[in-house]
Amino acid sequence: MADALKIGIAGLGTVGASLVRILQQRSNELAVSCGRAIQITAVSARDRTKDRGVDLSGITWFDDPVEMAEKGDIDVLVELVGGAEGTADKSVRAALARGLHVVTANKALLARHGVELAIMAEEKGLLLNYEAAVAGGIPVIKAMRESLTGNHFSRVYGIMNGTCNYILTRMEKEGLSFEACLKEAQRLGYAEADPTFDIEGNDTAHKLSILTTLAFGSQISADDIYLEGISNISIEDIHAARDLGFRIKLLGVAQRTETGIEQRVHPTMVPLDSVIAQVDGVTNAVALESDILGELLMVGPGAGGNATASAVLGDITDIAKSRPGTQQVPVLGRPAHLLEPYRQAQMRSHEGGYFIRLTVVDRTGVFASIATKMALNNISLESIVQRSEHSAADAPVTIILVTHATMEDAVRKAVAAIKSEGYLVGEPQVIRIERPKTA
């Protein structure tokens, strides 16, 4: 049997502690399946006195992950610190510079520095694995990097943030407000004390940017993603979507067009009978559309200690099974120096149409004015419905529009024209409608 693979783990939070536990409990079977033992020889975390429920005796402790990467008796750095800059970035660079393989769960780091780190790894013949960085326990990275080689992808999309999916699910099933669901998500540990990164779509955007590069062979471009979170989704939107036969999900969508690549993250209405509409709670889902395979939807736990640790463990065992001198899988699906410059697509018609909710004062001519503003912007309406939520004669009414395929710019101009008329109450709501091919 080959010499043991020695690993150093930077970060002993929920995922790191779960990883230590699994490696210790299953050391014998992992040694058999990998052809060599996997040994934790070093760890690093902020507080060495904290009880993490695992046995760290006999393992060298480093207060600084960078020092562990530079001096630790390790073959692989497992980076679970998080963040695009600072300690995470420095420790990964130090490990690669030293000739160590790296496993990371850090989507923010990859979204910001992924191409540069990939070049460093490939120049030295090293593995940089990151299955846990996107969709937790779903093996979408391995599928796209290896199993689906040769496929030409046309679109990749999915539910990639469990916090948002949990909130939207609770809002629909229990009729709770966004604020109430967010508080419950924080109580259960699904959302951070400051949930902005999740609920405003940044987390999904980082994951989407990585999948975009794998799908289309372009350089990572997280800054070119249209971004819209779920904080403005109301219970009225949830109910209206259901009545129209849709469910609201926060989707990340990337697709190739004739003019370039389109990347967007935003609340989306999907048909109730589609598979992705059935993905509830903290579960994630990633859909791939390609020329050879066709359509594939992968669903599974997107977060949590065991789910993420499972993905990290898979990356570690891939390294344990690899042998020096063999050709390594390109970090980003193709050699990093051959990635094409990112070319952002020109605005085009959105095929699924739009849902538009307007709350207006109840007076003669409003309905006709709205229809006229839509027509002036060449927007064809599939349906227009007026609702009255209150019995009082002067109470505001809700008007719900569903458009056929149209341009984003046209919708925004029409809504702006309606706002200028002075009969709106509150802000209008605009949500894209997707009709996935994966049914």
# chains A, B, ... in the order shown; residues from 1 in each chain; ligands from 1

$ select_by_dssp --residues "stretch 121-196 of chain A" --states "strand (DSSP E)" --output "JSON, numbers by chain"
{"A": [128, 129, 153, 154, 155, 156, 157, 158, 159]}

$ write_last_selection --atoms "N, CA and C atoms" --output "PDB file, in the first residue's frame"
ATOM      1  N   LEU A 128      -6.664  20.955  -7.731  1.00  0.00           N
ATOM      2  CA  LEU A 128      -7.416  21.944  -6.969  1.00  0.00           C
ATOM      3  C   LEU A 128      -8.877  21.543  -7.096  1.00  0.00           C
ATOM      4  N   ASN A 129      -9.405  20.890  -6.072  1.00  0.00           N
ATOM      5  CA  ASN A 129     -10.762  20.333  -6.105  1.00  0.00           C
ATOM      6  C   ASN A 129     -11.704  21.170  -5.253  1.00  0.00           C
ATOM      7  N   PHE A 153     -22.885  22.449 -23.586  1.00  0.00           N
ATOM      8  CA  PHE A 153     -23.981  22.925 -22.746  1.00  0.00           C
ATOM      9  C   PHE A 153     -24.616  24.165 -23.363  1.00  0.00           C
ATOM     10  N   SER A 154     -25.937  24.236 -23.280  1.00  0.00           N
ATOM     11  CA  SER A 154     -26.653  25.422 -23.739  1.00  0.00           C
ATOM     12  C   SER A 154     -27.160  26.256 -22.568  1.00  0.00           C
ATOM     13  N   ARG A 155     -27.446  25.578 -21.452  1.00  0.00           N
ATOM     14  CA  ARG A 155     -27.962  26.307 -20.287  1.00  0.00           C
ATOM     15  C   ARG A 155     -27.682  25.516 -19.018  1.00  0.00           C
ATOM     16  N   VAL A 156     -27.403  26.224 -17.956  1.00  0.00           N
ATOM     17  CA  VAL A 156     -27.301  25.646 -16.622  1.00  0.00           C
ATOM     18  C   VAL A 156     -28.059  26.575 -15.677  1.00  0.00           C
ATOM     19  N   TYR A 157     -28.883  25.998 -14.827  1.00  0.00           N
ATOM     20  CA  TYR A 157     -29.652  26.837 -13.908  1.00  0.00           C
ATOM     21  C   TYR A 157     -30.006  26.022 -12.679  1.00  0.00           C
ATOM     22  N   GLY A 158     -30.453  26.696 -11.642  1.00  0.00           N
ATOM     23  CA  GLY A 158     -30.870  25.929 -10.481  1.00  0.00           C
ATOM     24  C   GLY A 158     -31.108  26.753  -9.236  1.00  0.00           C
ATOM     25  N   ILE A 159     -31.511  26.026  -8.217  1.00  0.00           N
ATOM     26  CA  ILE A 159     -31.700  26.551  -6.865  1.00  0.00           C
ATOM     27  C   ILE A 159     -30.408  26.255  -6.112  1.00  0.00           C
TER      28      ILE A 159
END

$ residues_around --residues "A:Ser231" --least-positions-apart "2" --cutoff "10 Å" --atoms "only C-alpha atoms" --output "PyMOL selection string"
chain A and resi 164+178-179+182+196+199-201+228-229+233-234+267

$ residues_around --residues "A:Glu351" --least-positions-apart "2" --cutoff "6 Å" --atoms "only C-alpha atoms" --output "mmCIF file with C-alpha atoms, in the first residue's frame"
data_model
loop_
_atom_site.group_PDB
_atom_site.id
_atom_site.type_symbol
_atom_site.label_atom_id
_atom_site.label_comp_id
_atom_site.auth_asym_id
_atom_site.auth_seq_id
_atom_site.Cartn_x
_atom_site.Cartn_y
_atom_site.Cartn_z
ATOM 1 C CA SER A 349 -36.366 38.867 -25.443
ATOM 2 C CA GLY A 353 -42.492 36.402 -20.127
ATOM 3 C CA ALA A 405 -42.052 36.944 -24.430
#

$ closest_residue --among "A:Ser147, A:Thr372, A:Thr41, A:Gln255" --to "A:Ile7" --atoms "only C-alpha atoms"
A:Thr41

$ residues_around --residues "A:Ile167" --least-positions-apart "2" --cutoff "9 Å" --atoms "only C-alpha atoms" --output "list of chain:residue names"
A:Gly162, A:Thr163, A:Cys164, A:Asn165, A:Thr169, A:Arg170, A:Met171, A:Glu172, A:Phe178, A:Ala180, A:Cys181, A:Leu182, A:Glu184, A:Ala185, A:Gly281, A:Val282

$ write_last_selection --atoms "N, CA, C and O atoms" --output "PDB file, in the first residue's frame"
ATOM      1  N   GLY A 162     -29.836  27.319  -0.043  1.00  0.00           N
ATOM      2  CA  GLY A 162     -30.841  26.700   0.805  1.00  0.00           C
ATOM      3  C   GLY A 162     -31.598  27.680   1.684  1.00  0.00           C
ATOM      4  O   GLY A 162     -32.781  27.476   1.973  1.00  0.00           O
ATOM      5  N   THR A 163     -30.927  28.750   2.106  1.00  0.00           N
ATOM      6  CA  THR A 163     -31.595  29.750   2.949  1.00  0.00           C
ATOM      7  C   THR A 163     -32.778  30.368   2.215  1.00  0.00           C
ATOM      8  O   THR A 163     -33.895  30.446   2.746  1.00  0.00           O
ATOM      9  N   CYS A 164     -32.549  30.813   0.991  1.00  0.00           N
ATOM     10  CA  CYS A 164     -33.627  31.431   0.212  1.00  0.00           C
ATOM     11  C   CYS A 164     -34.739  30.434  -0.088  1.00  0.00           C
ATOM     12  O   CYS A 164     -35.926  30.768  -0.010  1.00  0.00           O
ATOM     13  N   ASN A 165     -34.355  29.216  -0.433  1.00  0.00           N
ATOM     14  CA  ASN A 165     -35.380  28.222  -0.766  1.00  0.00           C
ATOM     15  C   ASN A 165     -36.218  27.868   0.455  1.00  0.00           C
ATOM     16  O   ASN A 165     -37.433  27.667   0.354  1.00  0.00           O
ATOM     17  N   THR A 169     -40.235  28.572   0.661  1.00  0.00           N
ATOM     18  CA  THR A 169     -41.077  27.401   0.932  1.00  0.00           C
ATOM     19  C   THR A 169     -41.991  27.657   2.121  1.00  0.00           C
ATOM     20  O   THR A 169     -43.200  27.382   2.071  1.00  0.00           O
ATOM     21  N   ARG A 170     -41.436  28.197   3.190  1.00  0.00           N
ATOM     22  CA  ARG A 170     -42.239  28.474   4.383  1.00  0.00           C
ATOM     23  C   ARG A 170     -43.297  29.542   4.098  1.00  0.00           C
ATOM     24  O   ARG A 170     -44.434  29.445   4.591  1.00  0.00           O
ATOM     25  N   MET A 171     -42.944  30.553   3.327  1.00  0.00           N
ATOM     26  CA  MET A 171     -43.910  31.597   2.986  1.00  0.00           C
ATOM     27  C   MET A 171     -45.121  30.997   2.282  1.00  0.00           C
ATOM     28  O   MET A 171     -46.273  31.325   2.585  1.00  0.00           O
ATOM     29  N   GLU A 172     -44.863  30.096   1.339  1.00  0.00           N
ATOM     30  CA  GLU A 172     -45.970  29.511   0.583  1.00  0.00           C
ATOM     31  C   GLU A 172     -46.790  28.529   1.413  1.00  0.00           C
ATOM     32  O   GLU A 172     -48.017  28.588   1.450  1.00  0.00           O
ATOM     33  N   PHE A 178     -42.139  37.319   4.751  1.00  0.00           N
ATOM     34  CA  PHE A 178     -40.705  37.139   4.528  1.00  0.00           C
ATOM     35  C   PHE A 178     -39.935  37.341   5.830  1.00  0.00           C
ATOM     36  O   PHE A 178     -39.050  36.553   6.178  1.00  0.00           O
ATOM     37  N   ALA A 180     -40.869  37.017   8.973  1.00  0.00           N
ATOM     38  CA  ALA A 180     -41.076  35.925   9.938  1.00  0.00           C
ATOM     39  C   ALA A 180     -40.279  34.691   9.548  1.00  0.00           C
ATOM     40  O   ALA A 180     -39.675  34.017  10.398  1.00  0.00           O
ATOM     41  N   CYS A 181     -40.256  34.373   8.259  1.00  0.00           N
ATOM     42  CA  CYS A 181     -39.521  33.197   7.793  1.00  0.00           C
ATOM     43  C   CYS A 181     -38.012  33.386   7.947  1.00  0.00           C
ATOM     44  O   CYS A 181     -37.288  32.441   8.269  1.00  0.00           O
ATOM     45  N   LEU A 182     -37.543  34.609   7.708  1.00  0.00           N
ATOM     46  CA  LEU A 182     -36.119  34.884   7.875  1.00  0.00           C
ATOM     47  C   LEU A 182     -35.704  34.698   9.328  1.00  0.00           C
ATOM     48  O   LEU A 182     -34.659  34.094   9.625  1.00  0.00           O
ATOM     49  N   GLU A 184     -37.031  32.755  11.521  1.00  0.00           N
ATOM     50  CA  GLU A 184     -37.027  31.323  11.821  1.00  0.00           C
ATOM     51  C   GLU A 184     -35.803  30.648  11.210  1.00  0.00           C
ATOM     52  O   GLU A 184     -35.194  29.766  11.822  1.00  0.00           O
ATOM     53  N   ALA A 185     -35.428  31.061  10.012  1.00  0.00           N
ATOM     54  CA  ALA A 185     -34.231  30.507   9.372  1.00  0.00           C
ATOM     55  C   ALA A 185     -32.981  30.824  10.190  1.00  0.00           C
ATOM     56  O   ALA A 185     -32.079  29.988  10.335  1.00  0.00           O
ATOM     57  N   GLY A 281     -37.587  23.559   0.869  1.00  0.00           N
ATOM     58  CA  GLY A 281     -36.723  23.656   2.051  1.00  0.00           C
ATOM     59  C   GLY A 281     -35.306  24.038   1.696  1.00  0.00           C
ATOM     60  O   GLY A 281     -35.060  24.835   0.796  1.00  0.00           O
ATOM     61  N   VAL A 282     -34.342  23.465   2.416  1.00  0.00           N
ATOM     62  CA  VAL A 282     -32.938  23.807   2.207  1.00  0.00           C
ATOM     63  C   VAL A 282     -32.297  22.992   1.084  1.00  0.00           C
ATOM     64  O   VAL A 282     -31.099  23.090   0.842  1.00  0.00           O
TER      65      VAL A 282
END

$ residues_around --residues "A:Ala97" --least-positions-apart "6" --cutoff "10 Å" --atoms "only C-alpha atoms" --output "list of chain:residue names"
A:Ala69, A:Glu70, A:Ser91, A:Met120, A:Ala121, A:Lys124

$ closest_residue --among "A:Asn28, A:Gln386, A:Thr87, A:Thr213" --to "A:Leu338" --atoms "only C-alpha atoms"
A:Thr213

$ residues_around --residues "A:Lys207" --least-positions-apart "5" --cutoff "12 Å" --atoms "only C-alpha atoms" --output "PDB file with N, CA and C atoms, in the first residue's frame"
ATOM      1  N   ALA A 105     -13.939  24.481  -0.112  1.00  0.00           N
ATOM      2  CA  ALA A 105     -15.391  24.629  -0.229  1.00  0.00           C
ATOM      3  C   ALA A 105     -15.753  26.096  -0.451  1.00  0.00           C
ATOM      4  N   ASN A 106     -14.778  26.901  -0.867  1.00  0.00           N
ATOM      5  CA  ASN A 106     -14.886  28.357  -0.845  1.00  0.00           C
ATOM      6  C   ASN A 106     -15.298  28.929  -2.203  1.00  0.00           C
ATOM      7  N   LYS A 107     -16.602  29.105  -2.413  1.00  0.00           N
ATOM      8  CA  LYS A 107     -17.080  29.631  -3.702  1.00  0.00           C
ATOM      9  C   LYS A 107     -16.679  31.090  -3.898  1.00  0.00           C
ATOM     10  N   ALA A 108     -16.639  31.878  -2.826  1.00  0.00           N
ATOM     11  CA  ALA A 108     -16.263  33.284  -2.966  1.00  0.00           C
ATOM     12  C   ALA A 108     -14.823  33.414  -3.457  1.00  0.00           C
ATOM     13  N   LEU A 109     -13.940  32.588  -2.931  1.00  0.00           N
ATOM     14  CA  LEU A 109     -12.537  32.596  -3.350  1.00  0.00           C
ATOM     15  C   LEU A 109     -12.412  32.245  -4.829  1.00  0.00           C
ATOM     16  N   LEU A 110     -13.126  31.207  -5.251  1.00  0.00           N
ATOM     17  CA  LEU A 110     -13.039  30.767  -6.640  1.00  0.00           C
ATOM     18  C   LEU A 110     -13.672  31.774  -7.590  1.00  0.00           C
ATOM     19  N   ALA A 111     -14.774  32.383  -7.167  1.00  0.00           N
ATOM     20  CA  ALA A 111     -15.423  33.373  -8.012  1.00  0.00           C
ATOM     21  C   ALA A 111     -14.521  34.575  -8.247  1.00  0.00           C
ATOM     22  N   ARG A 112     -13.678  34.901  -7.265  1.00  0.00           N
ATOM     23  CA  ARG A 112     -12.797  36.065  -7.370  1.00  0.00           C
ATOM     24  C   ARG A 112     -11.445  35.708  -7.982  1.00  0.00           C
ATOM     25  N   GLY A 114     -10.437  32.288  -9.034  1.00  0.00           N
ATOM     26  CA  GLY A 114     -10.397  30.915  -9.514  1.00  0.00           C
ATOM     27  C   GLY A 114      -9.479  30.675 -10.696  1.00  0.00           C
ATOM     28  N   TYR A 130     -12.970  21.296  -5.691  1.00  0.00           N
ATOM     29  CA  TYR A 130     -13.881  22.238  -5.027  1.00  0.00           C
ATOM     30  C   TYR A 130     -15.345  21.804  -5.145  1.00  0.00           C
ATOM     31  N   GLU A 131     -15.589  20.517  -5.088  1.00  0.00           N
ATOM     32  CA  GLU A 131     -16.970  20.033  -5.223  1.00  0.00           C
ATOM     33  C   GLU A 131     -17.913  20.691  -4.226  1.00  0.00           C
ATOM     34  N   ALA A 132     -17.452  20.909  -3.003  1.00  0.00           N
ATOM     35  CA  ALA A 132     -18.320  21.452  -1.957  1.00  0.00           C
ATOM     36  C   ALA A 132     -18.625  22.929  -2.137  1.00  0.00           C
ATOM     37  N   ALA A 133     -17.978  23.590  -3.075  1.00  0.00           N
ATOM     38  CA  ALA A 133     -18.191  25.029  -3.260  1.00  0.00           C
ATOM     39  C   ALA A 133     -19.525  25.340  -3.926  1.00  0.00           C
ATOM     40  N   VAL A 134     -20.099  24.386  -4.625  1.00  0.00           N
ATOM     41  CA  VAL A 134     -21.355  24.609  -5.357  1.00  0.00           C
ATOM     42  C   VAL A 134     -22.346  23.501  -5.025  1.00  0.00           C
ATOM     43  N   ALA A 135     -23.486  23.884  -4.466  1.00  0.00           N
ATOM     44  CA  ALA A 135     -24.603  22.952  -4.233  1.00  0.00           C
ATOM     45  C   ALA A 135     -24.271  21.827  -3.263  1.00  0.00           C
ATOM     46  N   GLY A 136     -23.403  22.100  -2.311  1.00  0.00           N
ATOM     47  CA  GLY A 136     -23.173  21.182  -1.201  1.00  0.00           C
ATOM     48  C   GLY A 136     -22.865  19.757  -1.606  1.00  0.00           C
ATOM     49  N   VAL A 140     -22.151  18.041  -8.795  1.00  0.00           N
ATOM     50  CA  VAL A 140     -22.285  18.676 -10.102  1.00  0.00           C
ATOM     51  C   VAL A 140     -20.933  19.054 -10.702  1.00  0.00           C
ATOM     52  N   ILE A 141     -19.953  19.409  -9.874  1.00  0.00           N
ATOM     53  CA  ILE A 141     -18.633  19.786 -10.397  1.00  0.00           C
ATOM     54  C   ILE A 141     -17.975  18.591 -11.067  1.00  0.00           C
ATOM     55  N   VAL A 156     -27.403  26.224 -17.956  1.00  0.00           N
ATOM     56  CA  VAL A 156     -27.301  25.646 -16.622  1.00  0.00           C
ATOM     57  C   VAL A 156     -28.059  26.575 -15.677  1.00  0.00           C
ATOM     58  N   TYR A 157     -28.883  25.998 -14.827  1.00  0.00           N
ATOM     59  CA  TYR A 157     -29.652  26.837 -13.908  1.00  0.00           C
ATOM     60  C   TYR A 157     -30.006  26.022 -12.679  1.00  0.00           C
ATOM     61  N   GLY A 158     -30.453  26.696 -11.642  1.00  0.00           N
ATOM     62  CA  GLY A 158     -30.870  25.929 -10.481  1.00  0.00           C
ATOM     63  C   GLY A 158     -31.108  26.753  -9.236  1.00  0.00           C
ATOM     64  N   ILE A 159     -31.511  26.026  -8.217  1.00  0.00           N
ATOM     65  CA  ILE A 159     -31.700  26.551  -6.865  1.00  0.00           C
ATOM     66  C   ILE A 159     -30.408  26.255  -6.112  1.00  0.00           C
ATOM     67  N   MET A 160     -29.664  27.260  -5.764  1.00  0.00           N
ATOM     68  CA  MET A 160     -28.321  27.051  -5.220  1.00  0.00           C
ATOM     69  C   MET A 160     -28.119  27.653  -3.841  1.00  0.00           C
ATOM     70  N   ASN A 161     -29.195  28.141  -3.231  1.00  0.00           N
ATOM     71  CA  ASN A 161     -29.072  28.687  -1.891  1.00  0.00           C
ATOM     72  C   ASN A 161     -30.198  28.158  -1.021  1.00  0.00           C
ATOM     73  N   ASP A 198     -26.832  35.926   1.497  1.00  0.00           N
ATOM     74  CA  ASP A 198     -27.728  34.886   0.982  1.00  0.00           C
ATOM     75  C   ASP A 198     -28.957  35.477   0.311  1.00  0.00           C
ATOM     76  N   GLY A 201     -28.800  37.341  -3.055  1.00  0.00           N
ATOM     77  CA  GLY A 201     -28.385  36.588  -4.229  1.00  0.00           C
ATOM     78  C   GLY A 201     -26.900  36.459  -4.465  1.00  0.00           C
ATOM     79  N   ASN A 202     -26.045  37.064  -3.617  1.00  0.00           N
ATOM     80  CA  ASN A 202     -24.601  37.025  -3.849  1.00  0.00           C
ATOM     81  C   ASN A 202     -24.041  35.608  -3.796  1.00  0.00           C
ATOM     82  N   THR A 212     -20.881  28.523 -14.807  1.00  0.00           N
ATOM     83  CA  THR A 212     -20.827  29.144 -16.133  1.00  0.00           C
ATOM     84  C   THR A 212     -19.506  28.843 -16.811  1.00  0.00           C
ATOM     85  N   THR A 213     -18.421  28.961 -16.067  1.00  0.00           N
ATOM     86  CA  THR A 213     -17.100  28.665 -16.625  1.00  0.00           C
ATOM     87  C   THR A 213     -16.988  27.204 -17.023  1.00  0.00           C
ATOM     88  N   LEU A 214     -17.460  26.304 -16.187  1.00  0.00           N
ATOM     89  CA  LEU A 214     -17.423  24.883 -16.517  1.00  0.00           C
ATOM     90  C   LEU A 214     -18.280  24.569 -17.741  1.00  0.00           C
ATOM     91  N   ILE A 220     -14.042  33.106 -15.434  1.00  0.00           N
ATOM     92  CA  ILE A 220     -15.028  33.407 -14.398  1.00  0.00           C
ATOM     93  C   ILE A 220     -15.307  34.906 -14.388  1.00  0.00           C
ATOM     94  N   SER A 221     -16.594  35.238 -14.335  1.00  0.00           N
ATOM     95  CA  SER A 221     -16.967  36.660 -14.362  1.00  0.00           C
ATOM     96  C   SER A 221     -18.166  36.883 -13.451  1.00  0.00           C
ATOM     97  N   ALA A 222     -17.923  36.827 -12.148  1.00  0.00           N
ATOM     98  CA  ALA A 222     -19.002  36.991 -11.173  1.00  0.00           C
ATOM     99  C   ALA A 222     -19.560  38.406 -11.153  1.00  0.00           C
ATOM    100  N   ILE A 225     -22.947  39.406 -13.474  1.00  0.00           N
ATOM    101  CA  ILE A 225     -24.203  38.703 -13.258  1.00  0.00           C
ATOM    102  C   ILE A 225     -25.283  39.691 -12.839  1.00  0.00           C
ATOM    103  N   LEU A 251     -33.589  31.552  -8.619  1.00  0.00           N
ATOM    104  CA  LEU A 251     -32.789  30.767  -9.558  1.00  0.00           C
ATOM    105  C   LEU A 251     -31.546  31.521  -9.987  1.00  0.00           C
ATOM    106  N   GLY A 252     -30.485  30.757 -10.207  1.00  0.00           N
ATOM    107  CA  GLY A 252     -29.331  31.244 -10.935  1.00  0.00           C
ATOM    108  C   GLY A 252     -29.411  30.631 -12.322  1.00  0.00           C
ATOM    109  N   VAL A 253     -29.287  31.440 -13.361  1.00  0.00           N
ATOM    110  CA  VAL A 253     -29.440  30.964 -14.741  1.00  0.00           C
ATOM    111  C   VAL A 253     -28.278  31.471 -15.578  1.00  0.00           C
ATOM    112  N   ALA A 254     -27.634  30.567 -16.311  1.00  0.00           N
ATOM    113  CA  ALA A 254     -26.598  30.947 -17.271  1.00  0.00           C
ATOM    114  C   ALA A 254     -26.891  30.236 -18.580  1.00  0.00           C
ATOM    115  N   GLN A 263     -25.851  35.688 -17.736  1.00  0.00           N
ATOM    116  CA  GLN A 263     -25.866  35.193 -16.358  1.00  0.00           C
ATOM    117  C   GLN A 263     -26.812  36.062 -15.531  1.00  0.00           C
ATOM    118  N   ARG A 264     -27.701  35.424 -14.774  1.00  0.00           N
ATOM    119  CA  ARG A 264     -28.633  36.197 -13.950  1.00  0.00           C
ATOM    120  C   ARG A 264     -29.072  35.396 -12.743  1.00  0.00           C
ATOM    121  N   VAL A 265     -29.293  36.122 -11.654  1.00  0.00           N
ATOM    122  CA  VAL A 265     -29.819  35.549 -10.407  1.00  0.00           C
ATOM    123  C   VAL A 265     -30.991  36.406  -9.992  1.00  0.00           C
ATOM    124  N   ASN A 284     -31.113  21.840  -2.591  1.00  0.00           N
ATOM    125  CA  ASN A 284     -30.637  22.515  -3.799  1.00  0.00           C
ATOM    126  C   ASN A 284     -30.946  21.668  -5.029  1.00  0.00           C
ATOM    127  N   VAL A 286     -29.655  21.524  -9.412  1.00  0.00           N
ATOM    128  CA  VAL A 286     -28.945  22.095 -10.552  1.00  0.00           C
ATOM    129  C   VAL A 286     -29.388  21.362 -11.807  1.00  0.00           C
ATOM    130  N   GLY A 302     -28.003  20.934  -0.058  1.00  0.00           N
ATOM    131  CA  GLY A 302     -27.073  21.952  -0.517  1.00  0.00           C
ATOM    132  C   GLY A 302     -26.199  22.546   0.560  1.00  0.00           C
TER     133      GLY A 302
END

$ residues_around --residues "A:Gln25" --least-positions-apart "5" --cutoff "12 Å" --atoms "only C-alpha atoms" --output "ChimeraX atom specification"
/A:18-20,30-31,38-39,54-55

$ decode --residues "stretch 329-346 of chain A" --atoms "N, CA and C atoms" --output "PDB file, in the first residue's frame"
ATOM      1  N   VAL A 329      -7.026  16.311 -14.039  1.00  0.00           N
ATOM      2  CA  VAL A 329      -8.211  16.931 -14.623  1.00  0.00           C
ATOM      3  C   VAL A 329      -8.049  18.448 -14.543  1.00  0.00           C
ATOM      4  N   PRO A 330      -8.261  19.177 -15.654  1.00  0.00           N
ATOM      5  CA  PRO A 330      -8.170  20.637 -15.577  1.00  0.00           C
ATOM      6  C   PRO A 330      -9.118  21.191 -14.513  1.00  0.00           C
ATOM      7  N   VAL A 331      -8.651  22.158 -13.774  1.00  0.00           N
ATOM      8  CA  VAL A 331      -9.403  22.678 -12.630  1.00  0.00           C
ATOM      9  C   VAL A 331     -10.781  23.184 -13.045  1.00  0.00           C
ATOM     10  N   LEU A 332     -10.847  23.909 -14.150  1.00  0.00           N
ATOM     11  CA  LEU A 332     -12.092  24.542 -14.569  1.00  0.00           C
ATOM     12  C   LEU A 332     -12.664  23.912 -15.841  1.00  0.00           C
ATOM     13  N   GLY A 333     -12.379  22.636 -16.025  1.00  0.00           N
ATOM     14  CA  GLY A 333     -12.963  21.899 -17.136  1.00  0.00           C
ATOM     15  C   GLY A 333     -12.114  21.865 -18.376  1.00  0.00           C
ATOM     16  N   ARG A 334     -11.353  22.899 -18.610  1.00  0.00           N
ATOM     17  CA  ARG A 334     -10.364  22.951 -19.680  1.00  0.00           C
ATOM     18  C   ARG A 334      -9.149  23.685 -19.135  1.00  0.00           C
ATOM     19  N   PRO A 335      -7.962  23.496 -19.721  1.00  0.00           N
ATOM     20  CA  PRO A 335      -6.775  24.181 -19.187  1.00  0.00           C
ATOM     21  C   PRO A 335      -7.051  25.670 -19.003  1.00  0.00           C
ATOM     22  N   ALA A 336      -6.664  26.184 -17.848  1.00  0.00           N
ATOM     23  CA  ALA A 336      -7.037  27.560 -17.480  1.00  0.00           C
ATOM     24  C   ALA A 336      -6.526  28.592 -18.475  1.00  0.00           C
ATOM     25  N   HIS A 337      -5.357  28.340 -19.070  1.00  0.00           N
ATOM     26  CA  HIS A 337      -4.814  29.323 -20.016  1.00  0.00           C
ATOM     27  C   HIS A 337      -5.569  29.312 -21.350  1.00  0.00           C
ATOM     28  N   LEU A 338      -6.455  28.330 -21.549  1.00  0.00           N
ATOM     29  CA  LEU A 338      -7.245  28.260 -22.771  1.00  0.00           C
ATOM     30  C   LEU A 338      -8.683  28.747 -22.579  1.00  0.00           C
ATOM     31  N   LEU A 339      -9.016  29.174 -21.374  1.00  0.00           N
ATOM     32  CA  LEU A 339     -10.351  29.720 -21.147  1.00  0.00           C
ATOM     33  C   LEU A 339     -10.537  30.994 -21.978  1.00  0.00           C
ATOM     34  N   GLU A 340     -11.716  31.124 -22.571  1.00  0.00           N
ATOM     35  CA  GLU A 340     -11.983  32.273 -23.434  1.00  0.00           C
ATOM     36  C   GLU A 340     -12.369  33.487 -22.590  1.00  0.00           C
ATOM     37  N   PRO A 341     -12.073  34.690 -23.068  1.00  0.00           N
ATOM     38  CA  PRO A 341     -12.540  35.888 -22.348  1.00  0.00           C
ATOM     39  C   PRO A 341     -14.061  35.864 -22.257  1.00  0.00           C
ATOM     40  N   TYR A 342     -14.575  36.335 -21.142  1.00  0.00           N
ATOM     41  CA  TYR A 342     -16.033  36.342 -20.954  1.00  0.00           C
ATOM     42  C   TYR A 342     -16.654  37.417 -21.839  1.00  0.00           C
ATOM     43  N   ARG A 343     -17.674  37.024 -22.587  1.00  0.00           N
ATOM     44  CA  ARG A 343     -18.378  37.969 -23.462  1.00  0.00           C
ATOM     45  C   ARG A 343     -19.837  38.008 -23.036  1.00  0.00           C
ATOM     46  N   GLN A 344     -20.255  39.137 -22.489  1.00  0.00           N
ATOM     47  CA  GLN A 344     -21.611  39.272 -21.973  1.00  0.00           C
ATOM     48  C   GLN A 344     -22.605  39.412 -23.114  1.00  0.00           C
ATOM     49  N   ALA A 345     -23.713  38.685 -23.010  1.00  0.00           N
ATOM     50  CA  ALA A 345     -24.725  38.698 -24.066  1.00  0.00           C
ATOM     51  C   ALA A 345     -25.447  40.033 -24.122  1.00  0.00           C
ATOM     52  N   GLN A 346     -25.872  40.394 -25.313  1.00  0.00           N
ATOM     53  CA  GLN A 346     -26.721  41.564 -25.468  1.00  0.00           C
ATOM     54  C   GLN A 346     -28.120  41.238 -24.955  1.00  0.00           C
TER      55      GLN A 346
END
